[in-house]
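What follows is the content of upload31.cif, which has mmCIF, C-alpha atoms:
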data_upload
loop_
_atom_site.label_atom_id
_atom_site.label_comp_id
_atom_site.auth_asym_id
_atom_site.auth_seq_id
_atom_site.Cartn_x
_atom_site.Cartn_y
_atom_site.Cartn_z
CA MET M 654 -4.83 126.81 262.32
CA THR M 655 -1.55 125.27 263.51
CA SER M 656 -0.30 122.54 261.19
CA PRO M 657 0.62 119.06 262.51
CA ILE M 658 4.23 119.85 261.58
CA ASP M 659 4.30 123.05 263.69
CA LEU M 660 2.55 121.31 266.59
CA PHE M 661 5.05 118.48 266.60
CA LYS M 662 8.02 120.80 266.02
CA ALA M 663 7.41 122.78 269.21
CA ARG M 664 7.48 119.61 271.32
CA PHE M 665 10.34 118.13 269.28
CA ASP M 666 12.53 121.22 269.72
CA HIS M 667 11.89 121.22 273.46
CA ILE M 668 12.88 117.55 273.91
CA MET M 669 15.90 117.81 271.60
CA GLU M 670 17.17 120.97 273.29
CA ARG M 671 16.93 119.33 276.72
CA ALA M 672 18.71 116.19 275.53
CA GLN M 673 21.46 118.16 273.78
CA HIS M 674 22.61 119.48 277.16
CA PHE M 675 23.93 115.97 277.79
CA ALA M 676 25.43 115.25 274.35
CA ILE M 677 28.72 116.73 275.56
CA TYR M 678 31.65 114.47 276.33
CA VAL M 679 32.19 115.52 279.96
CA ARG M 680 28.57 114.97 281.05
CA GLY M 681 27.97 111.95 283.25
CA ARG M 682 27.42 108.63 281.49
CA GLU M 683 24.09 108.12 283.32
CA PHE M 684 22.71 111.37 281.86
CA GLN M 685 23.88 110.43 278.40
CA GLU M 686 22.24 106.98 278.67
CA MET M 687 19.05 108.70 279.85
CA GLY M 688 19.17 111.29 277.06
CA LYS M 689 19.62 108.55 274.47
CA THR M 690 16.63 106.59 275.82
CA GLU M 691 14.45 109.69 275.78
CA ILE M 692 15.43 110.47 272.19
CA GLU M 693 14.81 106.87 271.12
CA ALA M 694 11.21 107.28 272.31
CA LEU M 695 10.99 110.47 270.25
CA LEU M 696 12.26 108.54 267.23
CA ASP M 697 9.27 106.17 267.54
CA GLU M 698 6.93 109.18 267.54
CA CYS M 699 8.59 110.55 264.39
CA ARG M 700 8.14 107.20 262.64
CA ILE M 701 4.47 106.89 263.66
CA ASN M 702 3.70 110.41 262.43
CA LYS M 703 5.60 109.81 259.21
CA ASP M 704 3.68 106.58 258.55
CA LYS M 705 0.38 108.39 259.18
CA ALA M 706 1.33 111.12 256.71
CA ILE M 707 2.35 108.49 254.14
CA SER M 708 -0.98 106.66 254.60
CA SER M 709 -2.84 109.93 254.10
CA GLY M 710 -0.72 110.76 251.05
CA ILE M 711 0.45 114.10 252.48
CA GLU M 712 3.93 114.39 251.01
CA ASN M 713 5.04 117.60 252.73
CA GLU M 714 4.23 116.13 256.15
CA ALA M 715 5.79 112.78 255.31
CA ASN M 716 9.03 114.50 254.31
CA ALA M 717 8.97 116.76 257.38
CA PHE M 718 8.62 113.76 259.70
CA LEU M 719 11.40 112.04 257.77
CA ALA M 720 13.59 115.08 258.55
CA PHE M 721 12.58 114.91 262.24
CA GLU M 722 13.49 111.21 262.17
CA PHE M 723 16.95 111.93 260.73
CA MET M 724 17.58 114.73 263.27
CA THR M 725 16.67 112.35 266.09
CA ARG M 726 18.94 109.65 264.69
CA ALA M 727 21.79 112.18 264.49
CA LEU M 728 21.50 112.99 268.18
CA ILE M 729 21.25 109.29 269.13
CA GLU M 730 24.49 108.70 267.21
CA GLU M 731 26.09 111.66 268.99
CA PHE M 732 25.22 110.08 272.36
CA LYS M 733 26.68 106.77 271.16
CA PHE M 734 29.79 108.66 270.05
CA CYS M 735 30.28 110.13 273.56
CA LEU M 736 29.66 106.77 275.22
CA ALA M 737 32.06 104.94 272.88
CA LEU M 738 34.80 107.47 273.69
CA LYS M 739 34.20 106.82 277.38
CA ASP M 740 34.51 103.09 276.65
CA ASP M 741 37.96 103.82 275.14
CA ASP M 742 36.68 102.67 271.75
CA PRO M 743 37.59 105.43 269.26
CA ASP M 744 36.97 103.23 266.20
CA SER M 745 33.35 102.82 267.19
CA ALA M 746 33.15 106.51 268.24
CA TRP M 747 34.34 107.51 264.76
CA ASP M 748 31.60 105.43 263.11
CA HIS M 749 28.91 107.00 265.32
CA LEU M 750 30.20 110.51 264.62
CA VAL M 751 30.18 109.89 260.87
CA ASP M 752 26.66 108.43 261.14
CA ALA M 753 25.56 111.55 263.08
CA GLN M 754 26.99 113.74 260.28
CA ASN M 755 25.26 111.66 257.61
CA HIS M 756 21.88 111.74 259.39
CA ALA M 757 22.10 115.52 259.88
CA THR M 758 22.87 115.94 256.18
CA SER M 759 19.96 113.66 255.23
CA ALA M 760 17.65 115.66 257.50
CA MET M 761 18.55 118.87 255.66
CA LYS M 762 17.94 117.18 252.31
CA SER M 763 14.55 115.88 253.46
CA HIS M 764 12.66 119.01 254.46
CA ALA M 765 13.00 122.69 255.37
CA VAL M 766 12.16 121.93 259.04
CA ALA M 767 15.80 120.83 259.27
CA GLY M 768 17.09 123.85 257.39
CA ASN M 769 18.92 125.31 260.37
CA LEU M 770 21.41 122.48 260.97
CA ASN M 771 24.44 124.17 259.41
CA GLU M 772 25.86 125.15 262.79
CA TYR M 773 25.22 121.66 264.20
CA ILE M 774 26.97 120.06 261.21
CA ARG M 775 29.93 122.42 261.62
CA ARG M 776 30.13 121.40 265.29
CA LEU M 777 30.24 117.70 264.38
CA ASP M 778 32.88 118.50 261.78
CA SER M 779 35.01 120.31 264.34
CA LEU M 780 34.71 117.33 266.74
CA GLU M 781 36.03 115.13 263.94
CA LYS M 782 38.96 117.45 263.24
CA SER M 783 39.93 118.06 266.87
CA LEU M 784 39.51 114.58 268.38
CA PHE M 785 40.87 112.28 265.69
CA PRO M 786 44.13 112.20 263.73
CA GLN M 787 43.90 112.80 259.97
CA SER M 788 42.58 109.56 258.50
CA ILE M 789 43.63 107.96 255.25
CA PHE M 790 40.51 107.24 253.26
CA LEU M 791 39.96 104.77 250.47
CA SER M 792 37.62 105.41 247.62
CA PRO M 793 36.54 102.56 245.35
CA GLY M 794 35.95 103.29 241.69
CA TYR M 795 33.60 100.87 239.95
CA ILE M 796 31.55 100.48 236.81
CA VAL M 797 27.83 100.20 237.48
CA LYS M 798 26.20 97.83 235.02
CA GLU M 799 22.79 97.64 236.70
CA SER M 800 21.18 99.66 239.47
CA LYS M 801 17.69 100.33 240.74
CA CYS M 802 15.80 103.08 242.51
CA SER M 803 15.38 102.50 246.25
CA ILE M 804 11.86 103.97 246.18
CA CYS M 805 10.12 102.34 243.23
CA GLY M 806 12.53 99.54 242.32
CA THR M 807 12.68 100.41 238.60
CA PRO M 808 16.09 100.67 236.90
CA TYR M 809 17.68 103.87 238.25
CA GLY M 810 17.20 106.72 235.78
CA GLU M 811 13.99 105.38 234.25
CA CYS M 812 11.81 106.89 236.99
CA ASP M 813 11.66 110.51 238.14
CA HIS M 814 13.27 109.87 241.54
CA ILE M 815 16.68 111.48 242.05
CA LYS M 816 19.33 110.17 244.43
CA GLY M 817 19.36 112.31 247.60
CA HIS M 818 15.94 113.85 246.96
CA PRO M 819 12.93 113.09 249.22
CA ASP M 820 9.70 111.53 248.01
CA MET M 821 6.77 110.74 250.29
CA GLY M 822 8.82 110.11 253.43
CA GLN M 823 11.79 108.42 251.77
CA LEU M 824 15.15 109.70 250.52
CA CYS M 825 15.98 108.20 247.15
CA SER M 826 19.17 106.23 246.81
CA ARG M 827 20.59 104.18 243.96
CA ILE M 828 20.94 100.49 244.76
CA VAL M 829 23.76 99.00 242.72
CA THR M 830 22.86 95.44 241.72
CA GLU M 831 25.69 94.68 239.27
CA ALA M 832 29.11 96.31 239.22
CA ILE M 833 32.75 95.72 238.31
CA LEU M 834 35.39 97.01 240.71
CA ARG M 835 38.05 99.03 238.84
CA GLU M 836 40.34 100.43 241.50
CA ALA M 837 40.60 101.79 245.02
CA SER M 838 42.27 105.17 245.49
CA VAL M 839 43.66 106.92 248.53
CA VAL M 840 41.76 110.21 248.86
CA CYS M 841 41.46 113.09 251.34
CA ASP M 842 37.80 113.84 250.78
CA PRO M 843 35.90 110.55 250.38
CA ALA M 844 32.20 110.05 249.70
CA SER M 845 32.14 107.69 252.69
CA LYS M 846 34.23 108.44 255.77
CA HIS M 847 33.65 104.87 256.90
CA CYS M 848 36.12 103.73 254.21
CA ARG M 849 39.41 104.41 256.02
CA LEU M 850 42.61 102.62 256.88
CA LEU M 851 42.15 100.98 260.30
CA LYS M 852 45.76 100.02 261.03
CA PHE M 853 49.25 100.65 259.72
CA GLU M 854 52.61 98.94 259.89
CA GLU M 855 55.55 100.57 261.66
CA ASN M 856 58.88 98.79 262.14
CA GLY M 857 57.24 95.42 261.54
CA VAL M 858 54.47 96.08 264.06
CA TRP M 859 50.80 96.73 263.22
CA ARG M 860 49.20 99.63 265.08
CA ASN M 861 45.65 100.90 265.36
CA ALA M 862 45.35 104.10 263.27
CA PHE M 863 43.61 105.94 266.12
CA THR M 864 44.94 104.56 269.41
CA TYR M 865 48.47 103.73 268.17
CA ARG M 866 48.17 100.52 270.17
CA VAL M 867 49.72 97.38 268.76
CA VAL M 868 47.15 95.13 267.11
CA LYS M 869 47.55 91.55 266.00
CA GLU M 870 48.01 91.32 262.26
CA ASP M 871 45.36 88.64 261.75
CA ILE M 872 42.70 90.28 263.95
CA GLU M 873 40.66 93.29 262.93
CA PRO M 874 41.22 96.15 265.40
CA MET J 456 41.62 130.65 235.08
CA ARG J 457 39.13 128.01 236.08
CA ILE J 458 37.90 127.34 232.54
CA LYS J 459 40.23 125.72 230.04
CA ILE J 460 39.33 125.75 226.36
CA SER J 461 40.66 123.20 223.89
CA ASP J 462 39.83 121.63 220.54
CA TYR J 463 37.59 118.58 220.69
CA VAL J 464 36.62 115.81 218.31
CA ASP J 465 33.84 116.22 215.78
CA VAL J 466 31.13 114.72 217.96
CA ARG J 467 28.74 113.87 215.13
CA LEU J 468 31.45 112.00 213.21
CA LYS J 469 32.66 110.25 216.36
CA ALA J 470 29.12 109.21 217.30
CA HIS J 471 28.60 107.85 213.80
CA ALA J 472 31.90 105.92 213.95
CA LEU J 473 30.86 104.34 217.27
CA GLY J 474 27.42 103.41 215.96
CA LEU J 475 25.62 105.96 218.17
CA ASN J 476 22.95 108.53 217.38
CA ALA J 477 24.50 111.82 216.25
CA PRO J 478 23.43 114.57 218.65
CA THR J 479 21.39 117.35 217.06
CA GLY J 480 20.65 119.66 220.02
CA LEU J 481 21.67 119.20 223.62
CA ALA J 482 23.20 115.85 224.58
CA ILE J 483 24.85 114.13 227.51
CA LEU J 484 28.06 112.52 226.28
CA PRO J 485 29.97 109.61 227.83
CA ARG J 486 33.12 110.76 229.64
CA ASN J 487 35.44 108.97 227.21
CA ILE J 488 33.68 109.43 223.87
CA ALA J 489 36.69 111.22 222.38
CA GLU J 490 39.11 108.37 223.18
CA ALA J 491 36.85 105.32 222.77
CA THR J 492 37.45 103.12 219.75
CA THR J 493 34.33 100.97 220.22
CA ALA J 494 30.95 101.60 221.89
CA ASP J 495 31.73 98.86 224.43
CA GLU J 496 34.40 101.09 226.01
CA LEU J 497 32.03 103.98 226.70
CA LEU J 498 31.26 105.06 230.26
CA HIS J 499 28.91 107.72 231.61
CA GLU J 500 29.64 109.78 234.73
CA SER J 501 27.37 108.66 237.58
CA SER J 502 25.72 112.10 237.66
CA ALA J 503 24.60 111.65 234.03
CA ILE J 504 21.57 109.61 235.04
CA ALA J 505 20.28 112.14 237.58
CA LEU J 506 20.79 114.99 235.14
CA ARG J 507 18.95 113.10 232.43
CA SER J 508 15.97 112.69 234.80
CA LEU J 509 16.09 116.39 235.72
CA PHE J 510 16.23 117.47 232.06
CA ARG J 511 13.22 115.22 231.36
CA GLN J 512 11.29 116.69 234.32
CA HIS J 513 12.04 120.25 233.14
CA ASN J 514 11.14 119.47 229.50
CA ILE J 515 14.68 120.05 228.28
CA GLU J 516 14.96 118.19 225.02
CA GLU J 517 18.01 115.94 224.96
CA THR J 518 19.30 113.90 222.02
CA ARG J 519 20.09 110.47 223.38
CA ILE J 520 23.22 109.26 221.72
CA GLU J 521 22.41 105.69 222.78
CA LYS J 522 20.47 103.72 220.20
CA GLU J 523 17.10 102.25 221.29
CA GLY J 524 17.77 99.59 223.95
CA GLN J 525 21.50 100.38 224.16
CA LYS J 526 22.90 100.95 227.67
CA ILE J 527 26.14 102.71 228.54
CA PRO J 528 27.50 101.69 231.97
CA VAL J 529 28.16 104.30 234.62
CA LEU J 530 31.49 104.97 236.34
CA GLN J 531 31.15 105.54 240.07
CA GLU J 532 34.07 107.30 241.71
CA ASN J 533 33.57 107.90 245.37
CA GLU J 534 35.77 110.88 246.07
CA PHE J 535 33.64 113.69 247.41
CA SER J 536 33.44 115.93 244.39
CA LEU J 537 30.70 116.34 241.83
CA ILE J 538 31.86 115.21 238.42
CA LEU J 539 29.21 116.23 235.93
CA PRO J 540 28.88 114.67 232.50
CA ILE J 541 30.02 116.28 229.26
CA ILE J 542 27.23 118.49 227.91
CA PHE J 543 27.20 118.79 224.13
CA VAL J 544 25.54 121.81 222.53
CA SER J 545 25.01 121.84 218.79
CA ALA J 546 25.56 124.93 216.63
CA SER J 547 21.92 124.94 215.58
CA LEU J 548 20.70 124.94 219.21
CA LEU J 549 22.98 127.81 220.17
CA SER J 550 21.88 129.93 217.21
CA GLN J 551 18.16 129.08 217.19
CA ASN J 552 17.43 128.71 220.91
CA PRO J 553 20.00 130.81 222.75
CA HIS J 554 18.35 130.31 226.17
CA ALA J 555 18.38 126.50 226.09
CA LEU J 556 21.95 126.21 227.38
CA ALA J 557 21.32 128.77 230.14
CA ILE J 558 18.25 126.82 231.31
CA ALA J 559 20.14 123.52 231.25
CA LEU J 560 23.03 125.03 233.20
CA ASN J 561 20.63 126.49 235.72
CA ILE J 562 19.24 122.98 236.33
CA ILE J 563 22.81 121.69 236.68
CA ALA J 564 23.70 124.49 239.15
CA ASN J 565 20.63 123.69 241.28
CA TYR J 566 21.56 120.00 241.22
CA ALA J 567 25.07 120.93 242.41
CA THR J 568 23.59 123.06 245.21
CA ASP J 569 21.45 120.12 246.39
CA PHE J 570 24.39 117.73 246.07
CA PHE J 571 26.56 119.79 248.40
CA LYS J 572 23.80 120.98 250.71
CA CYS J 573 25.14 121.20 254.26
CA ILE J 574 28.43 119.46 253.46
CA PRO J 575 31.37 121.20 255.13
CA GLY J 576 34.75 121.28 253.43
CA SER J 577 35.72 121.52 249.79
CA LYS J 578 32.94 121.43 247.22
CA LYS J 579 34.56 120.84 243.87
CA VAL J 580 32.49 120.67 240.70
CA VAL J 581 33.84 119.42 237.38
CA LEU J 582 31.92 120.15 234.18
CA ASP J 583 32.78 119.92 230.51
CA ILE J 584 30.76 121.70 227.84
CA VAL J 585 31.39 120.80 224.22
CA VAL J 586 30.30 123.53 221.83
CA GLU J 587 29.92 122.67 218.18
CA ASN J 588 31.58 125.09 215.77
CA LYS J 589 29.30 127.39 213.74
CA SER J 590 30.12 125.38 210.63
CA GLY J 591 28.75 122.25 212.30
CA ARG J 592 32.16 120.58 211.88
CA GLY J 593 34.44 120.11 214.87
CA SER J 594 33.96 121.51 218.34
CA LYS J 595 35.59 123.18 221.31
CA ARG J 596 35.65 121.84 224.83
CA LEU J 597 35.34 124.04 227.92
CA HIS J 598 36.62 122.32 231.03
CA TYR J 599 35.49 123.84 234.32
CA GLU J 600 36.84 122.79 237.70
CA GLY J 601 36.00 124.83 240.79
CA PRO J 602 33.26 125.81 243.21
CA ARG J 603 29.58 125.54 242.32
CA GLU J 604 29.26 129.33 242.20
CA GLY J 605 31.57 129.46 239.20
CA LEU J 606 29.24 127.40 237.01
CA GLU J 607 27.49 130.59 235.86
CA GLU J 608 30.68 131.63 234.06
CA THR J 609 30.55 128.58 231.80
CA GLU J 610 27.44 129.73 229.92
CA LYS J 611 28.95 133.10 229.04
CA MET J 612 32.19 131.43 228.05
CA ALA J 613 30.41 128.82 225.90
CA ARG J 614 28.56 131.58 224.07
CA LYS J 615 31.79 133.53 223.59
CA VAL J 616 33.57 130.47 222.18
CA PHE J 617 30.66 129.89 219.80
CA ASP J 618 30.52 133.54 218.66
CA ASP J 619 34.27 133.77 218.12
#
Any chance you could give the structure as C-alpha cells?
Amino acid sequence: MTSPIDLFKARFDHIMERAQHFAIYVRGREFQEMGKTEIEALLDECRINKDKAISSGIENEANAFLAFEFMTRALIEEFKFCLALKDDDPDSAWDHLVDAQNHATSAMKSHAVAGNLNEYIRRLDSLEKSLFPQSIFLSPGYIVKESKCSICGTPYGECDHIKGHPDMGQLCSRIVTEAILREASVVCDPASKHCRLLKFEENGVWRNAFTYRVVKEDIEP
Amino acid sequence: MRIKISDYVDVRLKAHALGLNAPTGLAILPRNIAEATTADELLHESSAIALRSLFRQHNIEETRIEKEGQKIPVLQENEFSLILPIIFVSASLLSQNPHALAIALNIIANYATDFFKCIPGSKKVVLDIVVENKSGRGSKRLHYEGPREGLEETEKMARKVFDD
C-alpha cells in the first residue's frame, strides 16, 4: 500500500519541478509571480497534511510534511530573491536568498524526504558567491542566563528535545529569555548571514555595501 | 598535527576549590574551569546542554559538577563552528570501562554530523578531552580543532595519553 507520504511526494515533486523552471533570474517576472502563487498554494497543502499527522500522532508523517513545508518555503524565497533583484533591491534579495538556504537546511534536518537537497543548497551557495560581493558579518557573543525549549516550553536542557532536531512536526530551537551581551566580532563564517554590515564609509561618504550607492547617514539603506 | 596535548589542572582539586562536585567518571566541564577563581565566573559552551541531553538519552552516566540547584550560564558565540564542551574522563572510568569514552565520542560525532548537515563551506569542530592521570592526580588536555571526520582520532589519542 502506498503511504500518504509517497502519495503526496509524487504530486509535490511534479509541482515543484514545474515551478523551478521559472526560479531562474532571466525568466519573465509574470512567470515568477505565477510560480510563487502556485507554490504558496502547495504550502497550504503541506501545512494541512502536517496538522492532520500531528492530530493523529503520526510523528514520521508530521516530520515529513514539515520537510515538505520547508522545501516549499525555500522555493518561495528563491522566487522572492529573483523578483527583488529585478526590483533593483539587492539588500532584500540577499535576505530572501539566505532564507531560502535556511529553509532548505531545515528541510534536510526535518526528514529523509528532503535528503537529496545537497545539490540545491550548493546552487544557492553559488548564487550567493557569484552575485554578491564578500560581506562583512557580525557575530554577537552573549551569556545565556535563561532559555527555554521552543517545543515544550521547559528550561532548555531539562527536556529531551535537541536544538535542530525534529519532533512531531516541529524543529526544536532554543528561545533565549535572559542574556547578557558580551561582544560583537567580525567573522567570515557567521551563524546568521543576516547579521552583516549594510553600509560603509569612504572618503566621508556612506555607501551601500552591495550597490555602492551613496546612502544618507541617518537613514537605513 | 590537529591534536595538541598539554598539562591541565587537577580537576578534582579545582572542582573542590570552586565548591563544585568532583567528577568521578565522565563529566562535562565549563570552558573556563581551569582559569576561574570563583564559581560565579564559570561558563559552559552552548553545545554542553544538547550533549548533556544526548548523554542522558543514551544512558551515558555523567557526573554533574554543578551542585543540586546550581546553574552555570552558557556562552553563545555565533560564528559558524561547533565548539564542543570539555569532556573530562576519570582514570577509573578509562581503566574499568574502556568503551565508555568511545561511546560518548560516537554520540558527539553524530551530533556534529547533524549540526553540519547540508551546510556548505568550512565545518570546524573544536573539542577538548581532559584525561585524568593514572594516579588520579593531575590530568592532560587534548585539544582538537579540525573537521568532524577527525574526531575519531581523539579517542585513540586519549587512550594513548592515559596508557603512557
*Run the PyMOL selection byres ((chain M and resi 761) around 9) against the file shown and list the residues it catches, as a ChimeraX atom specification.*
/M:720,723-724,756-760,762-771 /J:572-573
*Taking all atoms listed in the file into account, what are the residues of chain M at most 10 Å from chain J, put as a VMD selection string?*
chain M and resid 754 to 755 757 to 762 768 to 775 777 to 779 790 to 800 809 to 818 832 to 846
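Against this structure, the PyMOL selection byres ((chain M and resi 703-710) around 10) ends up with Pro657, Asp697, Glu698, Cys699, Arg700, Ile701, Asn702, Ile711, Glu712, Asn713, Glu714, Ala715, Asn716, Ala717, Phe718, Leu719, Ala720, Phe721, Glu722, Met821, Gly822 and Gln823 of chain M.
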Selection from above, C-alpha atoms, as a PDB file, in the frame of the given file, can you write it?
ATOM      1  CA  PRO M 657       0.620 119.060 262.510  1.00  0.00           C
ATOM      2  CA  ASP M 697       9.270 106.170 267.540  1.00  0.00           C
ATOM      3  CA  GLU M 698       6.930 109.180 267.540  1.00  0.00           C
ATOM      4  CA  CYS M 699       8.590 110.550 264.390  1.00  0.00           C
ATOM      5  CA  ARG M 700       8.140 107.200 262.640  1.00  0.00           C
ATOM      6  CA  ILE M 701       4.470 106.890 263.660  1.00  0.00           C
ATOM      7  CA  ASN M 702       3.700 110.410 262.430  1.00  0.00           C
ATOM      8  CA  ILE M 711       0.450 114.100 252.480  1.00  0.00           C
ATOM      9  CA  GLU M 712       3.930 114.390 251.010  1.00  0.00           C
ATOM     10  CA  ASN M 713       5.040 117.600 252.730  1.00  0.00           C
ATOM     11  CA  GLU M 714       4.230 116.130 256.150  1.00  0.00           C
ATOM     12  CA  ALA M 715       5.790 112.780 255.310  1.00  0.00           C
ATOM     13  CA  ASN M 716       9.030 114.500 254.310  1.00  0.00           C
ATOM     14  CA  ALA M 717       8.970 116.760 257.380  1.00  0.00           C
ATOM     15  CA  PHE M 718       8.620 113.760 259.700  1.00  0.00           C
ATOM     16  CA  LEU M 719      11.400 112.040 257.770  1.00  0.00           C
ATOM     17  CA  ALA M 720      13.590 115.080 258.550  1.00  0.00           C
ATOM     18  CA  PHE M 721      12.580 114.910 262.240  1.00  0.00           C
ATOM     19  CA  GLU M 722      13.490 111.210 262.170  1.00  0.00           C
ATOM     20  CA  MET M 821       6.770 110.740 250.290  1.00  0.00           C
ATOM     21  CA  GLY M 822       8.820 110.110 253.430  1.00  0.00           C
ATOM     22  CA  GLN M 823      11.790 108.420 251.770  1.00  0.00           C
TER      23      GLN M 823
END
_I'd like to see the residues matched by the PyMOL selection byres ((chain J and resi 588) around 12) on this file, and ideally I'd get them as a ChimeraX atom specification._
/J:462-467,543-550,585-587,589-596,613-619
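You can rank J:Arg457, J:Asn514, J:Leu556, J:Ile488 by their closest distance to Arg603 of chain J using only C-alpha atoms, and at the top of that list sits J:Arg457.
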Please write out, as lines of an AutoDock Vina configuration file, where the centre of an axis-aligned box around all listed atoms of segment 768-787 of chain M lies and how long its edges are, in Å to one decimal, after adding 5 Å on each side.
center_x = 30.6
center_y = 118.8
center_z = 262.9
size_x = 37.0
size_y = 23.1
size_z = 21.0
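Relative to atom CA of Lys522 of chain J, atom CA of Ile460 of chain J is found at 29.6 Å.
Atom CA of Lys782 of chain M to atom CA of Val751 of chain M spans 11.8 Å [interatomic distance, one decimal].
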*In Å, with one decimal, what is the gap from atom CA of Ser788 of chain M to atom CA of Lys733 of chain M?*
20.5 Å
*Just the residues within 12 Å of Ile729 of chain M, please, counting all atoms listed in the file, with nothing from its chain fewer than 6 positions along; format it as number ranges by chain.*
M: 669, 672-673, 675-676, 685-696, 722-723, 735-736, 749-750, 752-754, 756-757
_Residues proximal to (35.2, 104.5, 267.2) were defined as those with any atom within 12 Å of that point in the file's coordinates, counting all atoms listed in the file. Which are they, as number ranges by chain?_
M: 730-731, 733-752, 781, 784-785, 847, 849, 851, 861-864, 874
